[in-house]
$ cat data_10.csv   # CSV, C-alpha atoms and all ligand atoms
chain,number,residue,atom,x,y,z
A,1,MET,CA,-33.2,32.9,6.6
A,2,ARG,CA,-29.6,33.8,5.8
A,3,ILE,CA,-28.6,32.5,9.1
A,4,LEU,CA,-29.9,29.0,8.2
A,5,GLN,CA,-27.9,29.0,5.0
A,6,VAL,CA,-24.8,29.9,6.9
A,7,ALA,CA,-25.5,27.2,9.5
A,8,LEU,CA,-26.0,24.7,6.7
A,9,LEU,CA,-22.8,25.7,5.0
A,10,VAL,CA,-20.8,25.5,8.3
A,11,SER,CA,-22.2,22.1,9.0
A,12,TRP,CA,-21.2,20.9,5.6
A,13,LEU,CA,-17.7,22.2,6.1
A,14,VAL,CA,-17.5,20.5,9.4
A,15,ILE,CA,-18.7,17.2,7.9
A,16,GLY,CA,-16.3,17.6,5.0
A,17,GLY,CA,-13.5,18.3,7.4
A,18,LEU,CA,-14.3,15.2,9.5
A,19,VAL,CA,-14.5,13.0,6.4
A,20,TYR,CA,-11.1,14.3,5.3
A,21,LEU,CA,-9.6,13.7,8.7
A,22,PHE,CA,-11.0,10.1,9.0
A,23,PHE,CA,-10.7,8.9,5.4
A,24,PHE,CA,-8.0,10.9,3.7
A,25,LYS,CA,-5.4,12.5,5.9
A,26,GLY,CA,-4.4,9.6,8.1
A,27,SER,CA,-1.9,9.9,11.0
A,28,VAL,CA,0.8,12.0,9.4
A,29,ALA,CA,3.6,14.4,10.3
A,30,GLU,CA,6.4,16.1,8.4
A,31,GLY,CA,9.4,13.7,8.1
A,32,SER,CA,13.0,15.0,8.7
A,33,ASP,CA,14.0,14.0,5.1
A,34,GLY,CA,11.1,15.7,3.3
A,35,ARG,CA,9.0,12.7,3.1
A,36,THR,CA,5.6,12.4,4.9
A,37,ALA,CA,6.0,10.4,8.1
A,38,ILE,CA,3.1,8.1,8.9
A,39,VAL,CA,2.9,8.0,12.7
A,40,LEU,CA,2.0,4.5,14.0
A,41,THR,CA,2.3,2.4,17.1
A,42,GLN,CA,5.3,0.1,17.4
A,43,GLY,CA,3.1,-2.8,16.6
A,44,GLU,CA,1.5,-1.2,13.6
A,45,ARG,CA,4.9,-0.3,12.2
A,46,ASP,CA,6.1,-3.8,12.7
A,47,PHE,CA,3.0,-5.0,10.9
A,48,VAL,CA,3.6,-2.8,7.8
A,49,LEU,CA,7.3,-3.6,7.7
A,50,THR,CA,6.5,-7.4,7.9
A,51,GLU,CA,4.2,-6.9,4.9
A,52,MET,CA,7.0,-5.1,3.1
A,53,ARG,CA,9.5,-7.9,3.7
A,54,GLY,CA,6.8,-10.1,2.2
A,55,PHE,CA,6.9,-7.9,-0.9
A,56,LEU,CA,10.6,-8.1,-1.1
A,57,ASN,CA,10.6,-11.9,-0.7
A,58,ALA,CA,7.9,-12.2,-3.4
A,59,VAL,CA,10.0,-10.1,-5.9
A,60,GLN,CA,13.0,-12.3,-5.2
A,61,GLN,CA,11.1,-15.5,-5.6
A,62,ILE,CA,9.4,-14.2,-8.8
A,63,ILE,CA,12.8,-13.4,-10.4
A,64,GLU,CA,14.2,-16.7,-9.3
A,65,GLY,CA,11.1,-18.5,-10.7
A,66,LEU,CA,11.5,-16.6,-14.0
A,67,ASP,CA,15.2,-17.5,-14.2
A,68,GLU,CA,14.4,-21.2,-13.5
A,69,LYS,CA,11.4,-21.0,-15.9
A,70,ASP,CA,9.3,-22.3,-13.0
A,71,MET,CA,6.0,-20.6,-13.4
A,72,LYS,CA,4.4,-22.4,-10.5
A,73,LYS,CA,7.0,-20.7,-8.2
A,74,VAL,CA,6.2,-17.4,-9.8
A,75,LYS,CA,2.5,-17.8,-9.4
A,76,GLU,CA,2.7,-18.9,-5.8
A,77,ALA,CA,5.1,-16.1,-4.8
A,78,ALA,CA,2.9,-13.5,-6.4
A,79,HIS,CA,-0.2,-14.9,-4.8
A,80,GLU,CA,1.3,-14.7,-1.3
A,81,VAL,CA,1.2,-10.9,-1.6
A,82,GLY,CA,-2.0,-10.6,-3.5
A,83,MET,CA,-5.3,-9.0,-2.4
A,84,ALA,CA,-6.1,-11.9,-0.2
A,85,ASN,CA,-3.5,-10.7,2.3
A,86,MET,CA,-4.8,-7.2,2.4
A,87,ALA,CA,-8.0,-8.1,4.2
A,88,GLU,CA,-5.9,-8.8,7.3
A,89,VAL,CA,-5.0,-5.1,7.9
A,90,PRO,CA,-6.7,-4.0,11.1
A,91,GLY,CA,-9.2,-1.2,10.8
A,92,SER,CA,-7.4,1.0,13.4
A,93,LEU,CA,-4.2,0.9,11.2
A,94,MET,CA,-6.2,1.4,8.0
A,95,ARG,CA,-7.5,4.7,9.4
A,96,LYS,CA,-4.0,6.0,10.1
A,97,LEU,CA,-2.8,5.4,6.6
A,98,PRO,CA,-3.2,8.5,4.3
A,99,MET,CA,-5.3,8.1,1.1
A,100,GLY,CA,-2.2,8.5,-1.0
A,101,PHE,CA,-0.5,5.6,0.7
A,102,LYS,CA,-3.6,3.4,0.2
A,103,GLN,CA,-3.8,4.5,-3.4
A,104,MET,CA,-0.4,3.0,-4.1
A,105,GLY,CA,-0.7,0.0,-1.7
A,106,HIS,CA,-3.9,-1.4,-3.0
A,107,PRO,CA,-2.9,-1.5,-6.7
A,108,THR,CA,0.4,-3.1,-5.8
A,109,HIS,CA,-1.4,-6.1,-4.2
A,110,ALA,CA,-3.8,-6.2,-7.2
A,111,ALA,CA,-0.9,-6.1,-9.6
A,112,PHE,CA,0.7,-9.2,-7.9
A,113,ASP,CA,-2.6,-11.0,-8.4
A,114,GLU,CA,-2.5,-10.1,-12.1
A,115,LEU,CA,1.0,-11.3,-12.3
A,116,ALA,CA,0.0,-14.6,-10.6
A,117,ALA,CA,-2.8,-15.0,-13.1
A,118,GLU,CA,-0.5,-14.5,-16.0
A,119,ALA,CA,1.9,-17.1,-14.6
A,120,ALA,CA,-0.9,-19.6,-14.2
A,121,ASP,CA,-2.3,-18.8,-17.6
A,122,MET,CA,0.0,-18.3,-20.5
A,123,GLY,CA,3.1,-17.9,-18.4
A,124,GLU,CA,4.9,-15.6,-20.8
A,125,ARG,CA,8.1,-14.6,-19.3
A,126,ASP,CA,8.5,-11.3,-21.2
A,127,LYS,CA,5.0,-10.2,-20.1
A,128,ILE,CA,5.7,-11.1,-16.5
A,129,ILE,CA,9.0,-9.2,-16.5
A,130,ASN,CA,7.1,-6.2,-17.8
A,131,GLN,CA,4.4,-6.6,-15.2
A,132,LEU,CA,7.0,-6.8,-12.4
A,133,ALA,CA,8.9,-3.7,-13.7
A,134,THR,CA,5.6,-1.8,-13.8
A,135,LEU,CA,4.3,-2.8,-10.4
A,136,MET,CA,7.7,-2.0,-8.8
A,137,GLN,CA,7.2,1.6,-9.8
A,138,ASN,CA,4.7,1.6,-6.9
A,139,CYS,CA,7.4,0.4,-4.5
A,140,VAL,CA,9.7,3.2,-5.7
A,141,ALA,CA,7.0,5.9,-5.7
A,142,CYS,CA,5.7,5.1,-2.2
A,143,HIS,CA,9.1,4.9,-0.6
A,144,ASN,CA,9.9,8.3,-2.1
A,145,SER,CA,6.8,9.7,-0.5
A,146,TYR,CA,6.4,8.1,2.9
A,147,ARG,CA,8.3,6.8,5.9
A,148,LEU,CA,7.0,5.2,9.1
A,149,GLU,CA,7.6,6.6,12.6
A,150,VAL,CA,6.5,5.4,16.0
A,151,GLY,CA,4.4,8.0,17.9
A,152,LYS,CA,3.3,8.2,21.5
A,153,GLU,CA,0.5,5.7,22.2
B,201,LIG,C1,2.0,2.2,-0.3
B,201,LIG,C2,3.4,2.4,0.0
B,201,LIG,C3,4.4,1.4,-0.2
B,201,LIG,C4,4.5,0.5,-1.3
B,201,LIG,C5,3.6,0.3,-2.5
B,201,LIG,C6,5.6,-0.3,-1.0
B,201,LIG,N1,6.2,0.1,0.2
B,201,LIG,FE1,7.8,-0.8,1.0
B,201,LIG,N2,7.8,0.5,2.6
B,201,LIG,C7,6.9,1.6,2.6
B,201,LIG,C8,7.2,2.4,3.8
B,201,LIG,C9,6.5,3.7,4.2
B,201,LIG,C10,8.4,1.8,4.4
B,201,LIG,C11,9.1,2.3,5.6
B,201,LIG,C12,10.2,3.3,5.1
B,201,LIG,C13,10.8,4.1,6.1
B,201,LIG,O1,10.3,4.2,7.3
B,201,LIG,O2,11.9,4.7,5.8
B,201,LIG,C14,8.7,0.6,3.6
B,201,LIG,C15,9.7,-0.3,3.9
B,201,LIG,C16,10.0,-1.3,3.1
B,201,LIG,C17,11.1,-2.3,3.4
B,201,LIG,C18,11.9,-2.3,4.7
B,201,LIG,C19,11.4,-3.4,5.6
B,201,LIG,C20,12.0,-3.4,7.0
B,201,LIG,O3,11.8,-4.5,7.7
B,201,LIG,O4,12.6,-2.5,7.4
B,201,LIG,C21,11.2,-3.2,2.4
B,201,LIG,C22,12.1,-4.3,2.2
B,201,LIG,C23,10.2,-2.8,1.4
B,201,LIG,N3,9.5,-1.7,1.9
B,201,LIG,C24,9.9,-3.4,0.2
B,201,LIG,C25,8.9,-3.0,-0.7
B,201,LIG,C26,8.8,-3.6,-2.0
B,201,LIG,C27,9.6,-4.7,-2.6
B,201,LIG,C28,7.7,-3.1,-2.6
B,201,LIG,C29,7.0,-3.3,-3.9
B,201,LIG,C30,6.7,-4.6,-4.3
B,201,LIG,C31,7.2,-2.1,-1.6
B,201,LIG,N4,8.0,-2.1,-0.5
B,201,LIG,C32,6.0,-1.3,-1.8
B,201,LIG,C33,5.8,1.8,1.8
B,201,LIG,C34,5.5,1.1,0.7

$ encode --input "data_10.csv" --output "structure tokens" --more "lines below"
Ligand code: HEC
Amino acid sequence: MRILQVALLVSWLVIGGLVYLFFFKGSVAEGSDGRTAIVLTQGERDFVLTEMRGFLNAVQQIIEGLDEKDMKKVKEAAHEVGMANMAEVPGSLMRKLPMGFKQMGHPTHAAFDELAAEAADMGERDKIINQLATLMQNCVACHNSYRLEVGKE
């Protein structure tokens, strides 16, 4: 019966390996600067970078809104990059993103939603500045860990 146990163990290892490959590892390589390179198609890289410029735009608009004490502007800018936008990421791209990337990307969108909610609710500037500073730790951490590269199709 030992052979059965071994076969069972091997199949679990194979399944575990496949789960890791499909859901955790993503499409990655070692980057030239010590960061992990996520290897995408040109179109996928463009997609992610467009989302990134959306983040940058939102941060600028939020700071401008705080400066002008215009909480509607703050709320709308944050909402633009909230979870609602995440749903548009194609499944093929989602599979290439390593788990560590998704673990920082997801909460960043969610934190913008929380910031939008605060702006719509009490609209306390100090609180919003604090939320922005905290959520931007994700920007810094992710950029320190990952870069994007275009691989062969
Ligand atoms: C989950 C990871 C992750 C998070 C979170 C993240 N970024 Fe990025 N961002 C990247 C990666 C990877 C690149 C590509 C960097 C490279 O290839 O060197 C990038 C690129 C960018 C670029 C360049 C865009 C272009 O067109 O070249 C901007 C601007 C940017 N990010 C802004 C932000 C801001 C602002 C935040 C936070 C609000 C943020 N990012 C959060 C991963 C992330």

$ closest_residue --input "data_10.csv" --among "A:Leu9, A:Ile15, A:Val48, A:Met104" --to "Met136 of chain A" --atoms "all atoms listed in the file"
A:Met104

$ closest_atom_pairs --input "data_10.csv" --of "chain A" --to "ligand LIG 201 (chain B)" --cutoff "10 Å" --atoms "all atoms listed in the file" --output "Markdown table"
| residue | atom | partner | partner_atom | distance |
| --- | --- | --- | --- | --- |
| A:Gly31 | CA | B:LIG201 | O1 | 9.6 |
| A:Asp33 | CA | B:LIG201 | O2 | 9.6 |
| A:Arg35 | CA | B:LIG201 | O2 | 8.9 |
| A:Thr36 | CA | B:LIG201 | C9 | 8.8 |
| A:Ala37 | CA | B:LIG201 | O1 | 7.6 |
| A:Ile38 | CA | B:LIG201 | C9 | 7.3 |
| A:Val39 | CA | B:LIG201 | O1 | 9.9 |
| A:Arg45 | CA | B:LIG201 | C11 | 8.2 |
| A:Asp46 | CA | B:LIG201 | O3 | 7.6 |
| A:Phe47 | CA | B:LIG201 | O3 | 9.4 |
| A:Val48 | CA | B:LIG201 | C14 | 7.4 |
| A:Leu49 | CA | B:LIG201 | O3 | 4.6 |
| A:Thr50 | CA | B:LIG201 | O3 | 6.0 |
| A:Glu51 | CA | B:LIG201 | N3 | 8.0 |
| A:Met52 | CA | B:LIG201 | C23 | 4.3 |
| A:Arg53 | CA | B:LIG201 | C22 | 4.7 |
| A:Gly54 | CA | B:LIG201 | C24 | 7.6 |
| A:Phe55 | CA | B:LIG201 | C27 | 4.5 |
| A:Leu56 | CA | B:LIG201 | C27 | 3.8 |
| A:Asn57 | CA | B:LIG201 | C27 | 7.5 |
| A:Ala58 | CA | B:LIG201 | C27 | 7.7 |
| A:Val59 | CA | B:LIG201 | C27 | 6.3 |
| A:Gln60 | CA | B:LIG201 | C27 | 8.7 |
| A:Ala78 | CA | B:LIG201 | C30 | 9.9 |
| A:Val81 | CA | B:LIG201 | C30 | 8.8 |
| A:Leu97 | CA | B:LIG201 | C1 | 9.0 |
| A:Pro98 | CA | B:LIG201 | C1 | 9.4 |
| A:Met99 | CA | B:LIG201 | C1 | 9.5 |
| A:Gly100 | CA | B:LIG201 | C1 | 7.6 |
| A:Phe101 | CA | B:LIG201 | C1 | 4.3 |
| A:Lys102 | CA | B:LIG201 | C1 | 5.7 |
| A:Gln103 | CA | B:LIG201 | C1 | 7.0 |
| A:Met104 | CA | B:LIG201 | C1 | 4.6 |
| A:Gly105 | CA | B:LIG201 | C1 | 3.8 |
| A:His106 | CA | B:LIG201 | C1 | 7.4 |
| A:Pro107 | CA | B:LIG201 | C5 | 7.9 |
| A:Thr108 | CA | B:LIG201 | C5 | 5.7 |
| A:His109 | CA | B:LIG201 | C30 | 8.2 |
| A:Ala111 | CA | B:LIG201 | C30 | 9.4 |
| A:Phe112 | CA | B:LIG201 | C30 | 8.4 |
| A:Leu132 | CA | B:LIG201 | C30 | 8.4 |
| A:Ala133 | CA | B:LIG201 | C30 | 9.7 |
| A:Thr134 | CA | B:LIG201 | C30 | 10.0 |
| A:Leu135 | CA | B:LIG201 | C30 | 6.8 |
| A:Met136 | CA | B:LIG201 | C29 | 5.1 |
| A:Gln137 | CA | B:LIG201 | C29 | 7.7 |
| A:Asn138 | CA | B:LIG201 | C5 | 4.7 |
| A:Cys139 | CA | B:LIG201 | C32 | 3.5 |
| A:Val140 | CA | B:LIG201 | C32 | 7.0 |
| A:Ala141 | CA | B:LIG201 | C5 | 7.3 |
| A:Cys142 | CA | B:LIG201 | C2 | 4.2 |
| A:His143 | CA | B:LIG201 | C7 | 5.1 |
| A:Asn144 | CA | B:LIG201 | C9 | 8.5 |
| A:Ser145 | CA | B:LIG201 | C9 | 7.6 |
| A:Tyr146 | CA | B:LIG201 | C9 | 4.6 |
| A:Arg147 | CA | B:LIG201 | O1 | 3.6 |
| A:Leu148 | CA | B:LIG201 | O1 | 3.9 |
| A:Glu149 | CA | B:LIG201 | O1 | 6.4 |
| A:Val150 | CA | B:LIG201 | O1 | 9.6 |

$ atom_distance --input "data_10.csv" --atom1 "atom CA of Phe24 of chain A" --atom2 "atom CA of Glu44 of chain A"
18.3 Å

$ atom_distance --input "data_10.csv" --atom1 "atom CA of Lys73 of chain A" --atom2 "atom CA of Leu115 of chain A"
11.9 Å

$ residues_around --input "data_10.csv" --residues "Ile62 of chain A" --least-positions-apart "6" --cutoff "10 Å" --atoms "only C-alpha atoms" --output "compact mmCIF listing (two decimals) with C-alpha atoms, in the coordinates of the input"
# COMPACT_ATOMS: atom_id res chain seq x y z
CA LEU A 56 10.60 -8.10 -1.10
CA GLU A 68 14.40 -21.20 -13.50
CA ASP A 70 9.30 -22.30 -13.00
CA MET A 71 6.00 -20.60 -13.40
CA LYS A 72 4.40 -22.40 -10.50
CA LYS A 73 7.00 -20.70 -8.20
CA VAL A 74 6.20 -17.40 -9.80
CA LYS A 75 2.50 -17.80 -9.40
CA GLU A 76 2.70 -18.90 -5.80
CA ALA A 77 5.10 -16.10 -4.80
CA ALA A 78 2.90 -13.50 -6.40
CA LEU A 115 1.00 -11.30 -12.30
CA ALA A 116 0.00 -14.60 -10.60
CA ALA A 119 1.90 -17.10 -14.60
CA ILE A 128 5.70 -11.10 -16.50
CA ILE A 129 9.00 -9.20 -16.50
CA LEU A 132 7.00 -6.80 -12.40

$ atom_distance --input "data_10.csv" --atom1 "atom CA of Phe23 of chain A" --atom2 "atom CA of Lys152 of chain A"
21.3 Å

$ closest_residue --input "data_10.csv" --among "A:Gly91, A:Gly65, A:Gly43, A:Gly151" --to "Phe22 of chain A" --atoms "all atoms listed in the file"
A:Gly91

$ closest_residue --input "data_10.csv" --among "A:Pro90, A:Lys69, A:His79, A:Ala29" --to "Glu114 of chain A" --atoms "all atoms listed in the file"
A:His79

$ closest_residue --input "data_10.csv" --among "A:Gln5, A:Asp67, A:Leu93, A:Val14" --to "Arg125 of chain A" --atoms "all atoms listed in the file"
A:Asp67

$ build_atoms --input "data_10.csv" --residues "segment 63-90 of chain A" --atoms "N, CA and C atoms" --output "PDB file, in the frame of the given file"
ATOM      1  N   ILE A  63      11.589 -13.453  -9.486  1.00  0.00           N
ATOM      2  CA  ILE A  63      12.800 -13.400 -10.400  1.00  0.00           C
ATOM      3  C   ILE A  63      13.443 -14.739 -10.459  1.00  0.00           C
ATOM      4  N   GLU A  64      13.551 -15.392  -9.314  1.00  0.00           N
ATOM      5  CA  GLU A  64      14.200 -16.700  -9.300  1.00  0.00           C
ATOM      6  C   GLU A  64      13.326 -17.708 -10.141  1.00  0.00           C
ATOM      7  N   GLY A  65      12.009 -17.636  -9.973  1.00  0.00           N
ATOM      8  CA  GLY A  65      11.100 -18.500 -10.700  1.00  0.00           C
ATOM      9  C   GLY A  65      11.231 -18.245 -12.250  1.00  0.00           C
ATOM     10  N   LEU A  66      11.343 -16.957 -12.615  1.00  0.00           N
ATOM     11  CA  LEU A  66      11.500 -16.600 -14.000  1.00  0.00           C
ATOM     12  C   LEU A  66      12.815 -17.172 -14.557  1.00  0.00           C
ATOM     13  N   ASP A  67      13.853 -17.050 -13.750  1.00  0.00           N
ATOM     14  CA  ASP A  67      15.200 -17.500 -14.200  1.00  0.00           C
ATOM     15  C   ASP A  67      15.145 -19.057 -14.343  1.00  0.00           C
ATOM     16  N   GLU A  68      14.453 -19.741 -13.454  1.00  0.00           N
ATOM     17  CA  GLU A  68      14.400 -21.200 -13.500  1.00  0.00           C
ATOM     18  C   GLU A  68      13.260 -21.694 -14.443  1.00  0.00           C
ATOM     19  N   LYS A  69      12.548 -20.752 -15.030  1.00  0.00           N
ATOM     20  CA  LYS A  69      11.400 -21.000 -15.900  1.00  0.00           C
ATOM     21  C   LYS A  69      10.362 -21.907 -15.106  1.00  0.00           C
ATOM     22  N   ASP A  70      10.241 -21.602 -13.847  1.00  0.00           N
ATOM     23  CA  ASP A  70       9.300 -22.300 -13.000  1.00  0.00           C
ATOM     24  C   ASP A  70       8.112 -21.419 -12.692  1.00  0.00           C
ATOM     25  N   MET A  71       7.103 -21.519 -13.542  1.00  0.00           N
ATOM     26  CA  MET A  71       6.000 -20.600 -13.400  1.00  0.00           C
ATOM     27  C   MET A  71       5.098 -20.887 -12.209  1.00  0.00           C
ATOM     28  N   LYS A  72       5.187 -22.090 -11.695  1.00  0.00           N
ATOM     29  CA  LYS A  72       4.400 -22.400 -10.500  1.00  0.00           C
ATOM     30  C   LYS A  72       5.024 -21.594  -9.321  1.00  0.00           C
ATOM     31  N   LYS A  73       6.338 -21.524  -9.275  1.00  0.00           N
ATOM     32  CA  LYS A  73       7.000 -20.700  -8.200  1.00  0.00           C
ATOM     33  C   LYS A  73       6.607 -19.256  -8.365  1.00  0.00           C
ATOM     34  N   VAL A  74       6.599 -18.758  -9.590  1.00  0.00           N
ATOM     35  CA  VAL A  74       6.200 -17.400  -9.800  1.00  0.00           C
ATOM     36  C   VAL A  74       4.814 -17.101  -9.359  1.00  0.00           C
ATOM     37  N   LYS A  75       3.926 -17.993  -9.744  1.00  0.00           N
ATOM     38  CA  LYS A  75       2.500 -17.800  -9.400  1.00  0.00           C
ATOM     39  C   LYS A  75       2.317 -17.825  -7.885  1.00  0.00           C
ATOM     40  N   GLU A  76       2.931 -18.808  -7.221  1.00  0.00           N
ATOM     41  CA  GLU A  76       2.700 -18.900  -5.800  1.00  0.00           C
ATOM     42  C   GLU A  76       3.329 -17.720  -5.024  1.00  0.00           C
ATOM     43  N   ALA A  77       4.500 -17.257  -5.457  1.00  0.00           N
ATOM     44  CA  ALA A  77       5.100 -16.100  -4.800  1.00  0.00           C
ATOM     45  C   ALA A  77       4.263 -14.861  -4.939  1.00  0.00           C
ATOM     46  N   ALA A  78       3.724 -14.654  -6.123  1.00  0.00           N
ATOM     47  CA  ALA A  78       2.900 -13.500  -6.400  1.00  0.00           C
ATOM     48  C   ALA A  78       1.590 -13.547  -5.581  1.00  0.00           C
ATOM     49  N   HIS A  79       1.036 -14.745  -5.546  1.00  0.00           N
ATOM     50  CA  HIS A  79      -0.200 -14.900  -4.800  1.00  0.00           C
ATOM     51  C   HIS A  79      -0.111 -14.618  -3.347  1.00  0.00           C
ATOM     52  N   GLU A  80       1.033 -14.964  -2.771  1.00  0.00           N
ATOM     53  CA  GLU A  80       1.300 -14.700  -1.300  1.00  0.00           C
ATOM     54  C   GLU A  80       1.065 -13.245  -0.943  1.00  0.00           C
ATOM     55  N   VAL A  81       1.333 -12.330  -1.859  1.00  0.00           N
ATOM     56  CA  VAL A  81       1.200 -10.900  -1.600  1.00  0.00           C
ATOM     57  C   VAL A  81       0.067 -10.250  -2.343  1.00  0.00           C
ATOM     58  N   GLY A  82      -0.854 -11.065  -2.783  1.00  0.00           N
ATOM     59  CA  GLY A  82      -2.000 -10.600  -3.500  1.00  0.00           C
ATOM     60  C   GLY A  82      -3.068  -9.957  -2.602  1.00  0.00           C
ATOM     61  N   MET A  83      -4.204  -9.646  -3.154  1.00  0.00           N
ATOM     62  CA  MET A  83      -5.300  -9.000  -2.400  1.00  0.00           C
ATOM     63  C   MET A  83      -5.740  -9.778  -1.195  1.00  0.00           C
ATOM     64  N   ALA A  84      -5.650 -11.089  -1.267  1.00  0.00           N
ATOM     65  CA  ALA A  84      -6.100 -11.900  -0.200  1.00  0.00           C
ATOM     66  C   ALA A  84      -5.464 -11.536   1.147  1.00  0.00           C
ATOM     67  N   ASN A  85      -4.205 -11.098   1.085  1.00  0.00           N
ATOM     68  CA  ASN A  85      -3.500 -10.700   2.300  1.00  0.00           C
ATOM     69  C   ASN A  85      -3.932  -9.356   2.839  1.00  0.00           C
ATOM     70  N   MET A  86      -4.462  -8.511   1.971  1.00  0.00           N
ATOM     71  CA  MET A  86      -4.800  -7.200   2.400  1.00  0.00           C
ATOM     72  C   MET A  86      -5.927  -7.126   3.427  1.00  0.00           C
ATOM     73  N   ALA A  87      -6.825  -8.072   3.343  1.00  0.00           N
ATOM     74  CA  ALA A  87      -8.000  -8.100   4.200  1.00  0.00           C
ATOM     75  C   ALA A  87      -7.566  -8.177   5.700  1.00  0.00           C
ATOM     76  N   GLU A  88      -6.358  -8.623   5.948  1.00  0.00           N
ATOM     77  CA  GLU A  88      -5.900  -8.800   7.300  1.00  0.00           C
ATOM     78  C   GLU A  88      -5.494  -7.498   8.023  1.00  0.00           C
ATOM     79  N   VAL A  89      -5.411  -6.404   7.289  1.00  0.00           N
ATOM     80  CA  VAL A  89      -5.000  -5.100   7.900  1.00  0.00           C
ATOM     81  C   VAL A  89      -6.072  -4.658   8.880  1.00  0.00           C
ATOM     82  N   PRO A  90      -5.717  -4.458  10.173  1.00  0.00           N
ATOM     83  CA  PRO A  90      -6.700  -4.000  11.100  1.00  0.00           C
ATOM     84  C   PRO A  90      -7.276  -2.636  10.806  1.00  0.00           C
TER      85      PRO A  90
END
